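Source file: structure.cif; contents: mmCIF, C-alpha atoms and all ligand atoms.
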data_run
#
loop_
_atom_site.label_atom_id
_atom_site.label_comp_id
_atom_site.auth_asym_id
_atom_site.auth_seq_id
_atom_site.Cartn_x
_atom_site.Cartn_y
_atom_site.Cartn_z
CA MET A 1 -5.38 19.68 -18.46
CA LYS A 2 -4.38 18.83 -14.93
CA LYS A 3 -2.20 15.76 -14.50
CA PHE A 4 -2.29 13.47 -11.47
CA LEU A 5 0.17 10.76 -10.50
CA PHE A 6 -1.33 8.10 -8.24
CA VAL A 7 1.84 6.70 -6.75
CA ASP A 8 2.71 3.89 -4.37
CA LEU A 9 5.51 4.87 -2.00
CA ASP A 10 7.57 2.02 -0.50
CA ASP A 11 9.74 0.24 -3.11
CA THR A 12 8.32 2.58 -5.76
CA LEU A 13 9.65 6.05 -4.88
CA PHE A 14 12.19 4.91 -2.27
CA HIS A 15 13.63 1.83 -0.57
CA SER A 16 14.48 0.59 2.88
CA LEU A 17 18.24 0.60 3.51
CA ALA A 18 18.58 -3.16 3.04
CA LYS A 19 17.33 -2.84 -0.55
CA CYS A 20 19.50 0.18 -1.45
CA ASP A 21 22.69 -0.08 -3.48
CA PRO A 22 25.53 0.98 -1.14
CA ALA A 23 27.30 2.56 -4.14
CA ASP A 24 24.47 5.12 -4.49
CA VAL A 25 24.40 8.51 -2.83
CA LEU A 26 21.50 8.00 -0.46
CA GLN A 27 19.33 10.55 1.29
CA PRO A 28 16.81 9.66 4.00
CA ILE A 29 13.16 10.25 3.11
CA ALA A 30 11.11 8.17 5.54
CA PHE A 31 11.52 7.66 9.26
CA LEU A 32 10.52 5.28 12.04
CA LYS A 33 8.52 6.35 15.09
CA ASP A 34 11.72 6.94 17.04
CA GLY A 35 12.89 9.40 14.37
CA SER A 36 15.57 7.19 12.85
CA ALA A 37 15.69 7.00 9.05
CA ASN A 38 14.57 3.74 7.51
CA SER A 39 14.02 4.57 3.84
CA TYR A 40 16.22 6.35 1.37
CA THR A 41 16.26 7.74 -2.16
CA ASN A 42 19.09 7.42 -4.64
CA ALA A 43 19.96 10.18 -7.10
CA ARG A 44 17.74 8.78 -9.85
CA GLN A 45 14.76 8.55 -7.53
CA ARG A 46 15.30 12.16 -6.43
CA ALA A 47 15.54 13.27 -10.08
CA PHE A 48 12.30 11.41 -10.77
CA LEU A 49 10.55 13.19 -7.90
CA ASP A 50 11.83 16.53 -9.22
CA LEU A 51 10.57 15.68 -12.71
CA VAL A 52 7.05 14.61 -11.74
CA GLY A 53 6.76 17.31 -9.09
CA GLU A 54 7.07 19.94 -11.85
CA GLY A 55 4.14 18.94 -14.03
CA MET A 56 1.93 16.68 -11.96
CA THR A 57 0.08 16.53 -8.68
CA LEU A 58 1.26 13.53 -6.68
CA ILE A 59 -1.38 11.49 -4.89
CA PRO A 60 0.27 8.91 -2.63
CA THR A 61 -1.58 5.59 -2.98
CA THR A 62 -0.12 3.52 -0.22
CA ALA A 63 -0.64 0.86 2.44
CA ARG A 64 0.89 3.25 4.99
CA ASP A 65 -1.44 4.54 7.69
CA ARG A 66 -1.80 8.23 8.48
CA ASP A 67 1.05 8.30 10.99
CA ALA A 68 3.43 6.38 8.73
CA LEU A 69 2.62 8.68 5.82
CA ALA A 70 3.38 11.67 8.03
CA ARG A 71 6.85 10.23 8.57
CA VAL A 72 7.60 10.50 4.82
CA ASP A 73 9.52 13.69 4.15
CA TYR A 74 7.75 14.86 0.99
CA PRO A 75 5.28 17.75 0.78
CA PHE A 76 2.17 15.90 -0.44
CA ALA A 77 -0.35 18.71 -0.63
CA HIS A 78 -3.37 17.22 -2.35
CA TYR A 79 -5.53 14.13 -1.76
CA ARG A 80 -3.81 11.11 -0.20
CA ILE A 81 -4.96 7.49 -0.43
CA ILE A 82 -3.71 5.48 2.57
CA ASP A 83 -4.37 2.14 4.30
CA PHE A 84 -4.54 0.23 0.96
CA GLY A 85 -7.37 2.54 -0.08
CA GLY A 86 -9.26 2.37 3.21
CA ILE A 87 -8.91 6.09 3.94
CA ILE A 88 -8.75 9.05 1.57
CA LEU A 89 -7.38 12.22 3.11
CA ALA A 90 -8.58 15.51 1.63
CA PRO A 91 -6.04 18.25 0.84
CA ASP A 92 -6.67 19.73 4.31
CA GLY A 93 -5.71 16.39 5.90
CA THR A 94 -9.18 15.37 7.08
CA PRO A 95 -10.66 12.03 5.98
CA ASP A 96 -13.08 12.20 3.05
CA ARG A 97 -16.46 11.69 4.77
CA VAL A 98 -18.25 9.90 1.96
CA TRP A 99 -15.42 7.40 1.61
CA LEU A 100 -15.07 6.98 5.37
CA ALA A 101 -18.76 6.09 5.72
CA ARG A 102 -18.56 3.61 2.86
CA MET A 103 -15.48 1.91 4.28
CA GLY A 104 -16.97 1.93 7.78
CA ASP A 105 -19.82 -0.26 6.50
CA ASP A 106 -17.53 -2.51 4.48
CA MET A 107 -15.02 -3.05 7.27
CA ALA A 108 -17.76 -3.80 9.82
CA THR A 109 -18.82 -6.60 7.47
CA ALA A 110 -15.20 -7.78 7.12
CA LEU A 111 -14.21 -7.68 10.79
CA PRO A 112 -15.33 -11.23 11.79
CA GLY A 113 -13.33 -12.66 8.88
CA LEU A 114 -10.25 -10.61 9.77
CA ARG A 115 -10.40 -11.89 13.35
CA GLN A 116 -10.85 -15.42 12.11
CA VAL A 117 -7.83 -15.38 9.77
CA ARG A 118 -5.71 -13.75 12.43
CA ALA A 119 -6.56 -16.63 14.77
CA VAL A 120 -5.86 -19.20 12.04
CA ILE A 121 -2.41 -17.68 11.39
CA GLU A 122 -1.61 -17.31 15.10
CA ASP A 123 -2.53 -20.92 15.69
CA TYR A 124 -0.42 -22.18 12.78
CA ALA A 125 2.62 -20.01 13.67
CA GLN A 126 2.46 -21.12 17.29
CA ARG A 127 2.31 -24.80 16.42
CA ALA A 128 5.18 -24.38 13.94
CA GLY A 129 7.23 -22.37 16.44
CA PHE A 130 7.56 -19.40 14.06
CA PRO A 131 8.38 -15.93 15.46
CA ALA A 132 5.71 -14.29 13.35
CA ARG A 133 4.48 -10.76 14.05
CA ILE A 134 0.76 -10.87 13.40
CA ARG A 135 -1.49 -7.86 13.81
CA LEU A 136 -4.85 -6.53 12.78
CA VAL A 137 -4.02 -3.16 11.30
CA GLU A 138 -6.40 -0.32 12.18
CA ASP A 139 -6.39 3.36 11.36
CA LEU A 140 -8.73 6.16 12.39
CA GLY A 141 -10.82 3.64 14.32
CA LEU A 142 -11.43 1.25 11.40
CA PRO A 143 -9.97 -2.28 11.13
CA PHE A 144 -8.48 -2.88 7.69
CA TYR A 145 -6.28 -5.93 7.24
CA VAL A 146 -4.17 -8.58 8.93
CA ASN A 147 -0.43 -8.12 8.47
CA VAL A 148 2.20 -10.80 9.09
CA LYS A 149 5.97 -10.39 9.14
CA ASP A 150 8.62 -12.89 10.18
CA ALA A 151 10.68 -11.48 13.04
CA ASP A 152 13.91 -12.75 11.41
CA LYS A 153 12.82 -11.93 7.84
CA ASP A 154 12.89 -15.67 7.10
CA LEU A 155 10.83 -15.75 3.92
CA ALA A 156 10.58 -19.56 3.93
CA ARG A 157 8.58 -19.36 7.16
CA LEU A 158 6.30 -16.74 5.65
CA ASP A 159 5.93 -18.96 2.57
CA ALA A 160 4.79 -21.79 4.85
CA ILE A 161 2.25 -19.55 6.59
CA GLU A 162 0.94 -18.46 3.21
CA ARG A 163 0.68 -22.03 1.86
CA GLU A 164 -0.43 -23.93 4.96
CA ALA A 165 -2.60 -21.42 6.81
CA VAL A 166 -3.71 -18.53 4.60
CA GLU A 167 -4.42 -20.23 1.28
CA PRO A 168 -6.63 -22.99 2.74
CA TRP A 169 -8.59 -20.34 4.64
CA LEU A 170 -8.98 -18.16 1.53
CA ALA A 171 -10.26 -21.17 -0.41
CA THR A 172 -12.95 -21.94 2.17
CA ALA A 173 -14.18 -19.43 4.78
CA GLY A 174 -12.21 -16.51 3.36
CA GLN A 175 -13.64 -16.13 -0.12
CA ASP A 176 -14.32 -12.42 0.39
CA PHE A 177 -10.64 -11.86 1.19
CA CYS A 178 -7.40 -11.84 -0.77
CA LEU A 179 -3.68 -12.11 -0.19
CA HIS A 180 -1.01 -9.49 -0.75
CA ARG A 181 2.52 -10.85 -0.55
CA ASN A 182 5.80 -9.10 -1.32
CA GLY A 183 8.97 -10.17 0.50
CA ASN A 184 8.65 -10.17 4.31
CA ASN A 185 5.20 -8.70 4.11
CA LEU A 186 2.07 -10.80 4.04
CA ALA A 187 -1.34 -9.19 4.28
CA VAL A 188 -4.84 -10.59 4.17
CA LEU A 189 -7.30 -7.96 2.98
CA PRO A 190 -11.04 -7.84 2.48
CA LYS A 191 -11.65 -7.70 -1.28
CA ARG A 192 -13.62 -4.49 -0.71
CA LEU A 193 -10.39 -2.89 0.51
CA ASN A 194 -8.22 -2.10 -2.47
CA LYS A 195 -6.38 0.84 -3.93
CA ALA A 196 -8.21 0.55 -7.27
CA ARG A 197 -11.60 1.27 -5.68
CA ALA A 198 -10.24 4.35 -3.96
CA VAL A 199 -8.53 5.53 -7.17
CA ASP A 200 -11.78 5.09 -9.13
CA TYR A 201 -13.69 7.10 -6.56
CA LEU A 202 -11.07 9.83 -6.41
CA GLN A 203 -10.72 10.10 -10.20
CA ALA A 204 -14.47 10.76 -10.44
CA ARG A 205 -14.11 13.34 -7.70
CA LEU A 206 -11.19 15.05 -9.45
CA ARG A 207 -13.13 15.18 -12.74
CA ASP A 208 -15.97 16.90 -10.90
CA GLU A 209 -13.51 19.43 -9.52
CA HIS A 210 -11.27 19.97 -12.56
CA GLY A 211 -13.09 18.73 -15.67
CA PRO A 212 -11.05 16.42 -17.92
CA ILE A 213 -7.84 15.20 -16.25
CA MET A 214 -4.90 12.97 -17.21
CA THR A 215 -3.88 10.27 -14.76
CA PHE A 216 -0.78 8.20 -14.25
CA GLY A 217 -0.44 5.17 -11.96
CA MET A 218 2.88 3.96 -10.57
CA GLY A 219 3.71 1.02 -8.31
CA ASP A 220 6.05 -1.88 -7.67
CA SER A 221 3.76 -4.72 -6.53
CA ARG A 222 1.37 -7.13 -8.16
CA SER A 223 -1.34 -5.63 -5.94
CA ASP A 224 -0.70 -2.18 -7.46
CA ALA A 225 -1.55 -3.35 -10.99
CA ARG A 226 -5.31 -2.83 -10.68
CA PHE A 227 -5.13 0.80 -9.64
CA MET A 228 -2.46 1.46 -12.27
CA ALA A 229 -4.74 -0.08 -14.92
CA ALA A 230 -7.45 2.40 -13.87
CA CYS A 231 -5.16 5.28 -14.93
CA ASP A 232 -4.41 6.61 -18.42
CA TYR A 233 -0.73 5.63 -18.20
CA ALA A 234 1.23 3.19 -16.01
CA ILE A 235 4.82 3.58 -14.80
CA ILE A 236 6.71 0.57 -13.40
CA PRO A 237 10.15 0.92 -11.77
CA ARG A 238 12.82 -1.53 -12.89
CA GLY A 239 13.79 -4.40 -10.60
CA THR A 240 10.40 -4.73 -8.91
CA GLN A 241 7.90 -7.56 -8.44
CA LEU A 242 5.58 -5.91 -10.96
CA SER A 243 8.23 -5.30 -13.63
CA ALA A 244 9.22 -8.97 -13.44
CA LEU A 245 5.59 -10.03 -13.83
CA ALA A 246 4.55 -7.49 -16.45
CA LEU A 247 7.65 -6.81 -18.54
CA GLY A 248 10.23 -9.44 -17.55
CA ALA A 249 7.68 -12.18 -18.25
CA LEU A 250 7.44 -11.03 -21.88
MG MG A 301 5.19 -0.74 -2.75
#
Please go through the file and, once you have read it, give me the structure as structure tokens.
Amino acid sequence: MKKFLFVDLDDTLFHSLAKCDPADVLQPIAFLKDGSANSYTNARQRAFLDLVGEGMTLIPTTARDRDALARVDYPFAHYRIIDFGGIILAPDGTPDRVWLARMGDDMATALPGLRQVRAVIEDYAQRAGFPARIRLVEDLGLPFYVNVKDADKDLARLDAIEREAVEPWLATAGQDFCLHRNGNNLAVLPKRLNKARAVDYLQARLRDEHGPIMTFGMGDSRSDARFMAACDYAIIPRGTQLSALALGAL
């Protein structure tokens, strides 16, 4: 039986330098546009990649866009789920056409709301004097979500944006949208855009291609839980938002 690991990347398989333990032997694995390294593995993470690479096919299931995935130095050779599930790349690297058409319709419906929440956040951040970086993230010509980061990584300012601008909007005009928040990363996504939907679609596709399969889901964030729950087994790294919520809480 073929085994597939649907795996989030950032903070699951590797970390940005700021989150690494300086006592570890680090190796770069992901790079910025200028070619400088910005994410690293420690020895345990490399041993994990060796272990799962032996018996399973890894399917990255990530918020990264196509360019950012290409800057991860790992030979993903099968399907790839990117943009929070907005795009599925086939093994040959081309977007899955059925999924692209479906998401094209869904994101056309979501675009007015994405523009509206971007304006709401911009307005709030400007009035508060916050140096927020706010952008509507697109990939392969489709708009997907609004991403907000604080320029100084001041999480209290991002908390205020979440509480004062985003949550009131979600409770009123934005009921078809949801919030993803982890550290200095705030995203407002259409509910139709989620990794779990893409994983469901791809699992059905893989069963068509391979017959019965075994699936594993692995991630670090609250927002990964749904796609992990759609798999036969779930793997949660220690010291993550999700381990605190799922295991630490018990
Ligand atoms: Mg992650």
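Of note, CA of Phe216 (chain A) and CA of Trp99 (chain A) are spaced 21.6 Å apart.
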CA of Lys195 (chain A) to CA of Gly211 (chain A), straight-line distance in Å: 22.4 Å
Shell of 12 Å around ligand MG 301 (chain A) (all atoms listed in the file), written as an MDAnalysis selection string: chainID A and resid 7:16 60:64 84 180:183 185 195 218:225 236:237 240:242
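Reported to one decimal place, the separation of CA of Arg238 (chain A) from CA of Leu58 (chain A) is 20.0 Å.
With distances taken over all atoms listed in the file, A:Leu114 is the one residue among A:Leu32, A:Ala246, A:Leu114, A:Ile235 lying closest to Val188 (chain A).
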Near-Gly86 (chain A) list (9 Å; only C-alpha atoms; drop same-chain fewer than 3 positions) as a list in words: Ala63, Ile81, Ile82, Asp83, Trp99, Leu100, Met103, Gly104, Met107, Asp139, Leu142, Phe144, Leu193, Asn194, Lys195 and Ala198 of chain A
